[in-house]
>>> print(open('input.tsv').read())   # TSV, C-alpha atoms
chain	number	residue	atom	x	y	z
A	1	MET	CA	26.04	-34.15	31.42
A	2	SER	CA	29.21	-34.94	33.33
A	3	ARG	CA	31.27	-32.11	34.76
A	4	ARG	CA	34.77	-33.31	35.48
A	5	VAL	CA	38.31	-32.03	35.97
A	6	PHE	CA	41.28	-34.11	34.77
A	7	PHE	CA	44.63	-33.13	36.30
A	8	LEU	CA	47.15	-33.48	33.47
A	9	GLY	CA	50.01	-32.01	35.49
A	10	THR	CA	50.41	-30.78	39.05
A	11	GLY	CA	54.08	-29.81	39.20
A	12	SER	CA	55.88	-26.52	39.56
A	13	SER	CA	57.87	-24.85	36.78
A	14	LEU	CA	60.66	-27.47	36.78
A	15	GLY	CA	58.36	-30.47	37.12
A	16	VAL	CA	59.08	-33.45	39.36
A	17	PRO	CA	61.53	-35.12	39.18
A	18	VAL	CA	63.78	-32.13	38.63
A	19	ILE	CA	66.61	-32.71	36.16
A	20	GLY	CA	69.73	-33.77	38.04
A	21	CYS	CA	68.11	-33.79	41.48
A	22	LYS	CA	68.81	-36.75	43.78
A	23	CYS	CA	66.36	-35.88	46.57
A	24	SER	CA	64.04	-38.55	47.92
A	25	VAL	CA	60.98	-37.04	46.20
A	26	CYS	CA	62.64	-36.94	42.78
A	27	ARG	CA	63.83	-40.54	43.24
A	28	SER	CA	60.48	-41.74	44.58
A	29	GLY	CA	58.88	-44.78	42.97
A	30	ASP	CA	55.37	-43.53	43.82
A	31	SER	CA	53.62	-42.24	40.69
A	32	LYS	CA	51.88	-39.56	42.75
A	33	ASN	CA	55.28	-37.93	43.25
A	34	THR	CA	55.84	-37.58	39.49
A	35	ARG	CA	54.44	-34.17	38.55
A	36	LEU	CA	54.35	-32.79	35.01
A	37	ARG	CA	53.91	-29.07	34.47
A	38	CYS	CA	50.61	-27.66	35.72
A	39	SER	CA	47.55	-28.17	33.48
A	40	VAL	CA	43.97	-29.46	33.63
A	41	LEU	CA	41.33	-30.69	31.21
A	42	LEU	CA	37.75	-29.58	31.87
A	43	GLU	CA	34.74	-31.55	30.72
A	44	LEU	CA	31.82	-29.13	30.98
A	45	GLU	CA	28.39	-29.06	29.36
A	46	GLY	CA	29.50	-31.43	26.64
A	47	LYS	CA	32.60	-29.37	25.85
A	48	VAL	CA	36.26	-30.18	26.49
A	49	PHE	CA	38.53	-27.28	27.49
A	50	LEU	CA	42.25	-27.26	28.25
A	51	ILE	CA	43.60	-24.86	30.86
A	52	ASP	CA	47.24	-24.02	30.14
A	53	PRO	CA	49.14	-25.73	27.30
A	54	GLY	CA	52.42	-26.17	29.15
A	55	PRO	CA	55.61	-27.65	27.69
A	56	ASP	CA	54.50	-31.17	28.68
A	57	HIS	CA	51.23	-30.99	26.75
A	58	ARG	CA	52.23	-33.34	23.94
A	59	PHE	CA	53.09	-36.10	26.40
A	60	GLN	CA	50.00	-35.39	28.51
A	61	ALA	CA	47.74	-35.57	25.46
A	62	LEU	CA	49.26	-38.81	24.22
A	63	ARG	CA	49.04	-40.38	27.67
A	64	LEU	CA	45.36	-39.48	28.12
A	65	GLY	CA	44.39	-39.91	24.46
A	66	ILE	CA	43.28	-36.31	23.92
A	67	ASP	CA	42.42	-35.95	20.24
A	68	HIS	CA	39.89	-33.13	20.40
A	69	LEU	CA	39.55	-29.79	22.17
A	70	ASP	CA	36.62	-27.37	22.03
A	71	GLY	CA	38.75	-24.57	23.42
A	72	VAL	CA	41.89	-23.53	25.30
A	73	ILE	CA	42.09	-21.21	28.30
A	74	VAL	CA	45.46	-19.65	29.18
A	75	THR	CA	46.10	-18.20	32.62
A	76	HIS	CA	49.33	-16.34	31.83
A	77	ALA	CA	52.44	-16.28	29.70
A	78	HIS	CA	55.07	-17.98	31.85
A	79	TYR	CA	56.76	-20.78	29.93
A	80	ASP	CA	55.52	-23.59	32.17
A	81	HIS	CA	51.91	-22.56	31.39
A	82	MET	CA	52.05	-21.82	27.66
A	83	GLY	CA	55.27	-23.44	26.35
A	84	GLY	CA	53.27	-26.10	24.48
A	85	PHE	CA	51.04	-23.63	22.64
A	86	GLY	CA	52.60	-24.58	19.33
A	87	ASP	CA	51.52	-28.20	19.82
A	88	LEU	CA	47.87	-27.10	19.81
A	89	LYS	CA	47.82	-26.69	16.03
A	90	VAL	CA	46.93	-30.40	15.72
A	91	TYR	CA	43.50	-29.58	17.17
A	92	SER	CA	42.65	-27.19	14.34
A	93	LYS	CA	40.97	-29.62	11.99
A	94	GLU	CA	39.01	-29.34	8.76
A	95	GLY	CA	39.58	-25.61	8.54
A	96	LYS	CA	38.07	-24.90	11.99
A	97	LYS	CA	40.17	-22.63	14.16
A	98	LEU	CA	40.80	-23.65	17.76
A	99	PRO	CA	39.16	-21.09	20.12
A	100	CYS	CA	41.44	-19.61	22.80
A	101	LEU	CA	40.47	-17.47	25.79
A	102	LEU	CA	43.15	-15.26	27.34
A	103	SER	CA	44.02	-11.77	28.54
A	104	GLY	CA	45.51	-9.09	26.32
A	105	PRO	CA	48.95	-9.22	27.98
A	106	THR	CA	49.05	-13.02	27.67
A	107	PHE	CA	48.05	-12.82	24.02
A	108	SER	CA	50.81	-10.28	23.31
A	109	VAL	CA	53.49	-12.66	24.61
A	110	ILE	CA	52.06	-15.68	22.77
A	111	ARG	CA	51.77	-13.62	19.57
A	112	ARG	CA	55.47	-12.77	19.87
A	113	GLN	CA	56.76	-16.17	21.01
A	114	PHE	CA	54.75	-18.12	18.42
A	115	SER	CA	54.79	-15.55	15.61
A	116	HIS	CA	54.94	-18.31	12.98
A	117	LEU	CA	51.37	-19.27	13.90
A	118	PHE	CA	50.02	-15.79	13.15
A	119	THR	CA	49.92	-13.56	10.09
A	120	GLU	CA	53.07	-11.59	9.52
A	121	LYS	CA	51.64	-8.12	10.16
A	122	GLY	CA	48.48	-8.84	12.14
A	123	ASP	CA	46.98	-10.71	15.03
A	124	GLU	CA	45.01	-13.18	12.94
A	125	SER	CA	45.92	-16.86	12.79
A	126	PRO	CA	44.83	-19.55	10.33
A	127	LEU	CA	44.81	-22.01	13.26
A	128	PHE	CA	43.52	-20.13	16.31
A	129	SER	CA	40.61	-17.85	17.11
A	130	CYS	CA	41.68	-15.77	20.11
A	131	GLN	CA	39.05	-14.23	22.38
A	132	ILE	CA	40.67	-11.46	24.41
A	133	LEU	CA	39.26	-10.74	27.85
A	134	ASP	CA	38.05	-7.20	28.55
A	135	GLY	CA	39.52	-5.76	31.74
A	136	LEU	CA	40.79	-7.45	34.88
A	137	PHE	CA	37.49	-8.76	36.24
A	138	GLY	CA	34.34	-9.71	34.42
A	139	LYS	CA	32.14	-12.30	32.77
A	140	THR	CA	32.17	-13.71	29.28
A	141	THR	CA	30.77	-16.56	27.21
A	142	PHE	CA	33.31	-18.91	25.69
A	143	GLU	CA	32.06	-21.54	23.28
A	144	GLY	CA	28.64	-21.46	24.87
A	145	VAL	CA	29.90	-21.68	28.46
A	146	SER	CA	29.54	-18.79	30.92
A	147	ILE	CA	32.89	-17.97	32.54
A	148	GLU	CA	33.84	-15.38	35.14
A	149	TYR	CA	37.44	-14.19	35.31
A	150	VAL	CA	39.61	-12.50	37.90
A	151	SER	CA	43.12	-11.09	37.79
A	152	PHE	CA	46.15	-10.77	40.02
A	153	SER	CA	49.87	-10.17	39.54
A	154	GLN	CA	52.82	-12.52	39.91
A	155	GLY	CA	56.20	-10.85	39.72
A	156	GLY	CA	54.81	-8.09	37.53
A	157	MET	CA	53.00	-10.43	35.13
A	158	GLN	CA	49.21	-10.38	34.89
A	159	VAL	CA	47.65	-13.75	35.71
A	160	THR	CA	44.02	-14.68	35.10
A	161	GLY	CA	41.93	-16.98	37.26
A	162	PHE	CA	38.69	-18.51	36.08
A	163	LYS	CA	35.38	-19.33	37.75
A	164	ILE	CA	32.81	-21.58	36.10
A	165	GLY	CA	29.72	-22.07	38.21
A	166	ASP	CA	30.90	-23.10	41.67
A	167	PHE	CA	34.34	-24.23	40.39
A	168	ALA	CA	37.41	-21.98	40.24
A	169	TYR	CA	40.97	-22.39	38.97
A	170	ILE	CA	43.57	-20.06	40.50
A	171	SER	CA	47.23	-20.66	39.66
A	172	ASP	CA	50.49	-18.82	40.33
A	173	ILE	CA	49.06	-16.57	43.00
A	174	LYS	CA	50.91	-14.74	45.75
A	175	THR	CA	49.52	-11.20	46.05
A	176	TYR	CA	46.01	-10.07	45.22
A	177	GLU	CA	43.43	-7.36	45.82
A	178	PRO	CA	40.35	-7.80	48.07
A	179	GLU	CA	38.18	-7.71	44.93
A	180	LEU	CA	39.50	-11.16	44.07
A	181	ILE	CA	38.04	-12.74	47.21
A	182	ALA	CA	34.69	-11.03	46.61
A	183	ASN	CA	34.54	-12.46	43.10
A	184	LEU	CA	35.29	-15.99	44.31
A	185	LYS	CA	32.51	-16.15	46.88
A	186	GLY	CA	30.24	-19.11	46.23
A	187	VAL	CA	33.02	-21.36	44.99
A	188	LYS	CA	32.66	-24.92	46.29
A	189	THR	CA	35.53	-26.61	44.46
A	190	LEU	CA	38.79	-24.67	44.19
A	191	VAL	CA	42.00	-25.63	42.40
A	192	LEU	CA	44.78	-23.52	43.87
A	193	SER	CA	48.54	-23.39	43.38
A	194	ALA	CA	50.91	-23.81	46.32
A	195	ALA	CA	54.55	-24.65	45.76
A	196	ARG	CA	55.95	-25.76	49.09
A	197	ARG	CA	55.78	-25.59	52.88
A	198	GLN	CA	58.15	-22.62	53.16
A	199	PRO	CA	57.07	-19.13	52.04
A	200	SER	CA	58.35	-17.88	48.68
A	201	GLN	CA	58.22	-14.63	46.75
A	202	MET	CA	56.20	-16.01	43.84
A	203	HIS	CA	53.80	-18.64	45.20
A	204	PHE	CA	51.58	-19.44	48.15
A	205	SER	CA	52.99	-21.71	50.79
A	206	PHE	CA	50.72	-24.58	51.82
A	207	GLU	CA	49.60	-22.66	54.91
A	208	GLU	CA	48.87	-19.53	52.87
A	209	ALA	CA	46.88	-21.66	50.43
A	210	PHE	CA	44.55	-23.18	52.95
A	211	THR	CA	44.10	-19.81	54.66
A	212	PHE	CA	43.11	-18.37	51.27
A	213	ALA	CA	40.75	-21.28	50.62
A	214	GLY	CA	39.12	-20.71	54.00
A	215	THR	CA	38.65	-17.01	53.26
A	216	VAL	CA	37.01	-17.85	49.94
A	217	GLY	CA	34.83	-20.41	51.71
A	218	ALA	CA	35.53	-23.31	49.36
A	219	GLU	CA	34.18	-26.65	50.52
A	220	LYS	CA	37.03	-28.57	48.87
A	221	THR	CA	40.39	-27.32	47.65
A	222	TYR	CA	42.94	-29.19	45.53
A	223	LEU	CA	46.52	-27.95	45.58
A	224	THR	CA	48.56	-27.95	42.40
A	225	HIS	CA	51.86	-26.47	41.13
A	226	ILE	CA	53.67	-28.48	43.82
A	227	SER	CA	57.48	-28.54	43.99
A	228	HIS	CA	59.79	-31.47	44.71
A	229	GLU	CA	60.15	-30.58	48.38
A	230	SER	CA	57.20	-32.67	49.63
A	231	THR	CA	55.87	-36.14	48.93
A	232	HIS	CA	52.20	-36.69	48.25
A	233	GLN	CA	51.97	-38.73	51.45
A	234	ASP	CA	53.53	-35.95	53.54
A	235	LEU	CA	51.02	-33.47	52.17
A	236	GLU	CA	48.06	-35.72	52.93
A	237	LYS	CA	49.19	-35.77	56.57
A	238	LEU	CA	49.93	-32.05	56.71
A	239	LEU	CA	46.81	-30.56	55.11
A	240	PRO	CA	43.39	-30.15	56.72
A	241	GLN	CA	40.55	-32.41	55.58
A	242	SER	CA	39.08	-29.74	53.30
A	243	VAL	CA	42.36	-29.45	51.35
A	244	SER	CA	43.96	-32.25	49.32
A	245	PRO	CA	47.09	-32.41	47.18
A	246	ALA	CA	46.19	-33.08	43.56
A	247	TYR	CA	48.27	-35.52	41.55
A	248	ASP	CA	48.77	-36.27	37.87
A	249	GLY	CA	45.89	-38.43	36.66
A	250	LEU	CA	43.44	-37.38	39.38
A	251	ILE	CA	39.86	-36.95	38.14
A	252	ILE	CA	37.26	-35.08	40.19
A	253	SER	CA	33.56	-34.62	39.53
A	254	LEU	CA	31.94	-31.24	39.98
>>> encode(input="input.tsv", output="structure tokens")
Amino acid sequence: MSRRVFFLGTGSSLGVPVIGCKCSVCRSGDSKNTRLRCSVLLELEGKVFLIDPGPDHRFQALRLGIDHLDGVIVTHAHYDHMGGFGDLKVYSKEGKKLPCLLSGPTFSVIRRQFSHLFTEKGDESPLFSCQILDGLFGKTTFEGVSIEYVSFSQGGMQVTGFKIGDFAYISDIKTYEPELIANLKGVKTLVLSAARRQPSQMHFSFEEAFTFAGTVGAEKTYLTHISHESTHQDLEKLLPQSVSPAYDGLIISL
């Protein structure tokens, strides 16, 4: 069976182009410099999983022709990663709830923000079946697929990273505990967020990202969550051979 990753969006929280911005990246005619909010589609073991239903999901789904999901994985509750959660109700068909995998803190925010999708006094939903992760690090089975999960904090919000076999998806990372690195050993393909060349309080810089990737030991790393401060071409020249900038529409095989 094919094991593939489809990059639906590779942009930071504002996307690229940024509304009202006249910089050369936002005005670029190169499609690789147009970045929707960060999200990927995983094709694994005959199943199709979405990681992060951001606010651009409807457009991403229409563009790629996504009409079926076997499950949804949510990394955390910032708007640019879960703002399109309400659009997922179209995938609950013929009375079958759409399975969702997420942490307790992430579920609490989604339950509050999308209260109309849940029962008035409980955590049940007629549309979604939510599997809540136990603890900060661990292993679980989600729709027949074995998944390991790790946790870190971004600005006080718990974020979850996911490892499936020798593939890992780590987004919105800045600070972390040594346990995270230990849990990511053995990863060959890493998707990792990095916003820009300059350091920031909330995200890895490009240099911090490829240092992290080297510590993990990943053979190939794809950067995502990229701001409007760098063109795709600039990043290809800047990054080492083992690290590549992802772009919307990129498909990689695992």
>>> closest_atom_pairs(input="input.tsv", of="region 21-40 of chain A", to="region 73-90 of chain A", cutoff="12 Å", atoms="only C-alpha atoms", output="Markdown table")
| residue | atom | partner | partner_atom | distance |
| --- | --- | --- | --- | --- |
| A:Leu36 | CA | A:Asp80 | CA | 9.7 |
| A:Arg37 | CA | A:Asp80 | CA | 6.2 |
| A:Cys38 | CA | A:His81 | CA | 6.8 |
| A:Ser39 | CA | A:His81 | CA | 7.4 |
| A:Val40 | CA | A:Ile73 | CA | 10.0 |
>>> atom_distance(input="input.tsv", atom1="CA of Lys139 (chain A)", atom2="CA of Lys163 (chain A)")
9.2 Å
>>> closest_residue(input="input.tsv", among="A:Leu254, A:Ala246, A:Val216, A:Val150", to="Arg3 (chain A)", atoms="only C-alpha atoms")
A:Leu254
>>> residues_near_point(input="input.tsv", point="(33.0, -25.9, 45.1)", cutoff="8 Å", atoms="only C-alpha atoms", output="PyMOL selection string")
chain A and resi 166-168+186-190+218-221+254
>>> residues_around(input="input.tsv", residues="Val145 (chain A)", least_positions_apart="3", cutoff="9 Å", atoms="only C-alpha atoms", output="MDAnalysis selection string")
chainID A and resid 44:45 47 140:142 164
>>> residues_near_point(input="input.tsv", point="(54.9, -8.6, 34.0)", cutoff="12 Å", atoms="all atoms listed in the file", output="count of residues only")
15
>>> atom_distance(input="input.tsv", atom1="CA of Ser103 (chain A)", atom2="CA of Ser125 (chain A)")
16.7 Å
>>> atom_distance(input="input.tsv", atom1="CA of Gly135 (chain A)", atom2="CA of Gly46 (chain A)")
28.0 Å
>>> closest_residue(input="input.tsv", among="A:Gly29, A:Gly138, A:Ile181, A:Gly104", to="Asp123 (chain A)", atoms="all atoms listed in the file")
A:Gly104
>>> closest_residue(input="input.tsv", among="A:Ser92, A:Thr211, A:Ser28, A:Thr119", to="Thr231 (chain A)", atoms="all atoms listed in the file")
A:Ser28
>>> residues_around(input="input.tsv", residues="Asp172 (chain A)", least_positions_apart="4", cutoff="8 Å", atoms="all atoms listed in the file", output="list in words")
Gln154, Val159, Ser193, Ala194, Met202, His203, Phe204 and His225 of chain A
>>> closest_residue(input="input.tsv", among="A:Ser230, A:Ser171, A:Thr224, A:Thr160", to="Arg197 (chain A)", atoms="all atoms listed in the file")
A:Ser230
>>> closest_residue(input="input.tsv", among="A:Arg4, A:Arg111, A:Lys185, A:Arg196", to="Ile226 (chain A)", atoms="only C-alpha atoms")
A:Arg196
>>> axis_aligned_box(input="input.tsv", around="region 211-222 of chain A", padding_each_side="3 Å", output="lines of an AutoDock Vina configuration file")
center_x = 39.1
center_y = -23.1
center_z = 50.1
size_x = 15.9
size_y = 18.2
size_z = 15.1
>>> closest_residue(input="input.tsv", among="A:Phe162, A:Ser24, A:Arg58, A:Ile132", to="Ser146 (chain A)", atoms="only C-alpha atoms")
A:Phe162
>>> residues_around(input="input.tsv", residues="Leu250 (chain A)", least_positions_apart="6", cutoff="12 Å", atoms="only C-alpha atoms", output="VMD selection string")
chain A and resid 4 to 10 31 to 32 35 39 to 41 64 222 to 224 244
>>> decode(input="input.tsv", residues="region 102-180 of chain A", atoms="C-alpha atoms", output="PDB file, in the first residue's frame")
ATOM      1  CA  LEU A 102      -6.464  14.923  20.045  1.00  0.00           C
ATOM      2  CA  SER A 103      -5.282  15.849  23.517  1.00  0.00           C
ATOM      3  CA  GLY A 104      -7.600  16.706  26.386  1.00  0.00           C
ATOM      4  CA  PRO A 105      -6.704  20.429  26.387  1.00  0.00           C
ATOM      5  CA  THR A 106      -7.244  20.641  22.616  1.00  0.00           C
ATOM      6  CA  PHE A 107     -10.587  18.888  22.917  1.00  0.00           C
ATOM      7  CA  SER A 108     -11.709  21.307  25.653  1.00  0.00           C
ATOM      8  CA  VAL A 109     -11.133  24.312  23.376  1.00  0.00           C
ATOM      9  CA  ILE A 110     -12.809  22.680  20.369  1.00  0.00           C
ATOM     10  CA  ARG A 111     -15.754  21.623  22.551  1.00  0.00           C
ATOM     11  CA  ARG A 112     -16.177  25.250  23.606  1.00  0.00           C
ATOM     12  CA  GLN A 113     -15.535  26.915  20.241  1.00  0.00           C
ATOM     13  CA  PHE A 114     -17.758  24.509  18.297  1.00  0.00           C
ATOM     14  CA  SER A 115     -20.356  23.833  20.984  1.00  0.00           C
ATOM     15  CA  HIS A 116     -23.115  23.553  18.359  1.00  0.00           C
ATOM     16  CA  LEU A 117     -21.529  20.307  17.153  1.00  0.00           C
ATOM     17  CA  PHE A 118     -21.785  18.659  20.577  1.00  0.00           C
ATOM     18  CA  THR A 119     -24.620  17.809  22.932  1.00  0.00           C
ATOM     19  CA  GLU A 120     -25.718  20.671  25.109  1.00  0.00           C
ATOM     20  CA  LYS A 121     -24.600  19.237  28.449  1.00  0.00           C
ATOM     21  CA  GLY A 122     -22.053  16.607  27.454  1.00  0.00           C
ATOM     22  CA  ASP A 123     -19.021  15.842  25.374  1.00  0.00           C
ATOM     23  CA  GLU A 124     -20.796  13.606  22.881  1.00  0.00           C
ATOM     24  CA  SER A 125     -21.343  14.638  19.280  1.00  0.00           C
ATOM     25  CA  PRO A 126     -23.674  13.191  16.645  1.00  0.00           C
ATOM     26  CA  LEU A 127     -20.945  13.905  14.054  1.00  0.00           C
ATOM     27  CA  PHE A 128     -17.594  13.200  15.714  1.00  0.00           C
ATOM     28  CA  SER A 129     -16.075  10.418  17.773  1.00  0.00           C
ATOM     29  CA  CYS A 130     -13.255  11.986  19.772  1.00  0.00           C
ATOM     30  CA  GLN A 131     -10.397   9.826  21.052  1.00  0.00           C
ATOM     31  CA  ILE A 132      -8.595  11.695  23.822  1.00  0.00           C
ATOM     32  CA  LEU A 133      -4.900  11.010  24.298  1.00  0.00           C
ATOM     33  CA  ASP A 134      -3.764   9.807  27.717  1.00  0.00           C
ATOM     34  CA  GLY A 135      -0.877  11.842  29.098  1.00  0.00           C
ATOM     35  CA  LEU A 136       1.833  13.829  27.344  1.00  0.00           C
ATOM     36  CA  PHE A 137       3.768  10.950  25.776  1.00  0.00           C
ATOM     37  CA  GLY A 138       2.592   7.537  24.729  1.00  0.00           C
ATOM     38  CA  LYS A 139       1.294   5.170  22.088  1.00  0.00           C
ATOM     39  CA  THR A 140      -2.205   4.539  20.841  1.00  0.00           C
ATOM     40  CA  THR A 141      -4.089   2.871  18.012  1.00  0.00           C
ATOM     41  CA  PHE A 142      -6.239   5.144  15.889  1.00  0.00           C
ATOM     42  CA  GLU A 143      -8.490   3.551  13.298  1.00  0.00           C
ATOM     43  CA  GLY A 144      -6.220   0.539  13.108  1.00  0.00           C
ATOM     44  CA  VAL A 145      -2.986   2.537  12.797  1.00  0.00           C
ATOM     45  CA  SER A 146      -0.346   2.560  15.543  1.00  0.00           C
ATOM     46  CA  ILE A 147       0.592   6.134  16.492  1.00  0.00           C
ATOM     47  CA  GLU A 148       3.078   7.487  19.007  1.00  0.00           C
ATOM     48  CA  TYR A 149       2.567  10.977  20.406  1.00  0.00           C
ATOM     49  CA  VAL A 150       4.738  13.562  22.099  1.00  0.00           C
ATOM     50  CA  SER A 151       3.978  16.893  23.722  1.00  0.00           C
ATOM     51  CA  PHE A 152       5.548  20.310  24.125  1.00  0.00           C
ATOM     52  CA  SER A 153       4.335  23.804  24.967  1.00  0.00           C
ATOM     53  CA  GLN A 154       3.953  26.881  22.779  1.00  0.00           C
ATOM     54  CA  GLY A 155       3.162  30.059  24.660  1.00  0.00           C
ATOM     55  CA  GLY A 156       1.464  28.107  27.432  1.00  0.00           C
ATOM     56  CA  MET A 157      -0.631  25.946  25.095  1.00  0.00           C
ATOM     57  CA  GLN A 158      -0.079  22.191  24.927  1.00  0.00           C
ATOM     58  CA  VAL A 159       0.856  21.006  21.434  1.00  0.00           C
ATOM     59  CA  THR A 160       0.958  17.381  20.319  1.00  0.00           C
ATOM     60  CA  GLY A 161       3.373  15.908  17.801  1.00  0.00           C
ATOM     61  CA  PHE A 162       2.808  12.571  16.133  1.00  0.00           C
ATOM     62  CA  LYS A 163       5.086   9.730  15.043  1.00  0.00           C
ATOM     63  CA  ILE A 164       3.878   6.988  12.725  1.00  0.00           C
ATOM     64  CA  GLY A 165       6.553   4.433  11.957  1.00  0.00           C
ATOM     65  CA  ASP A 166       9.621   6.370  10.838  1.00  0.00           C
ATOM     66  CA  PHE A 167       7.591   9.512   9.980  1.00  0.00           C
ATOM     67  CA  ALA A 168       6.936  12.366  12.408  1.00  0.00           C
ATOM     68  CA  TYR A 169       4.937  15.594  12.271  1.00  0.00           C
ATOM     69  CA  ILE A 170       6.021  18.346  14.681  1.00  0.00           C
ATOM     70  CA  SER A 171       4.410  21.766  14.347  1.00  0.00           C
ATOM     71  CA  ASP A 172       4.484  25.003  16.346  1.00  0.00           C
ATOM     72  CA  ILE A 173       7.520  24.058  18.382  1.00  0.00           C
ATOM     73  CA  LYS A 174       9.924  26.354  20.188  1.00  0.00           C
ATOM     74  CA  THR A 175      10.710  24.891  23.627  1.00  0.00           C
ATOM     75  CA  TYR A 176      10.696  21.235  24.580  1.00  0.00           C
ATOM     76  CA  GLU A 177      11.969  18.702  27.093  1.00  0.00           C
ATOM     77  CA  PRO A 178      14.784  16.196  26.368  1.00  0.00           C
ATOM     78  CA  GLU A 179      12.174  13.408  26.471  1.00  0.00           C
ATOM     79  CA  LEU A 180      10.862  14.691  23.149  1.00  0.00           C
TER      80      LEU A 180
END
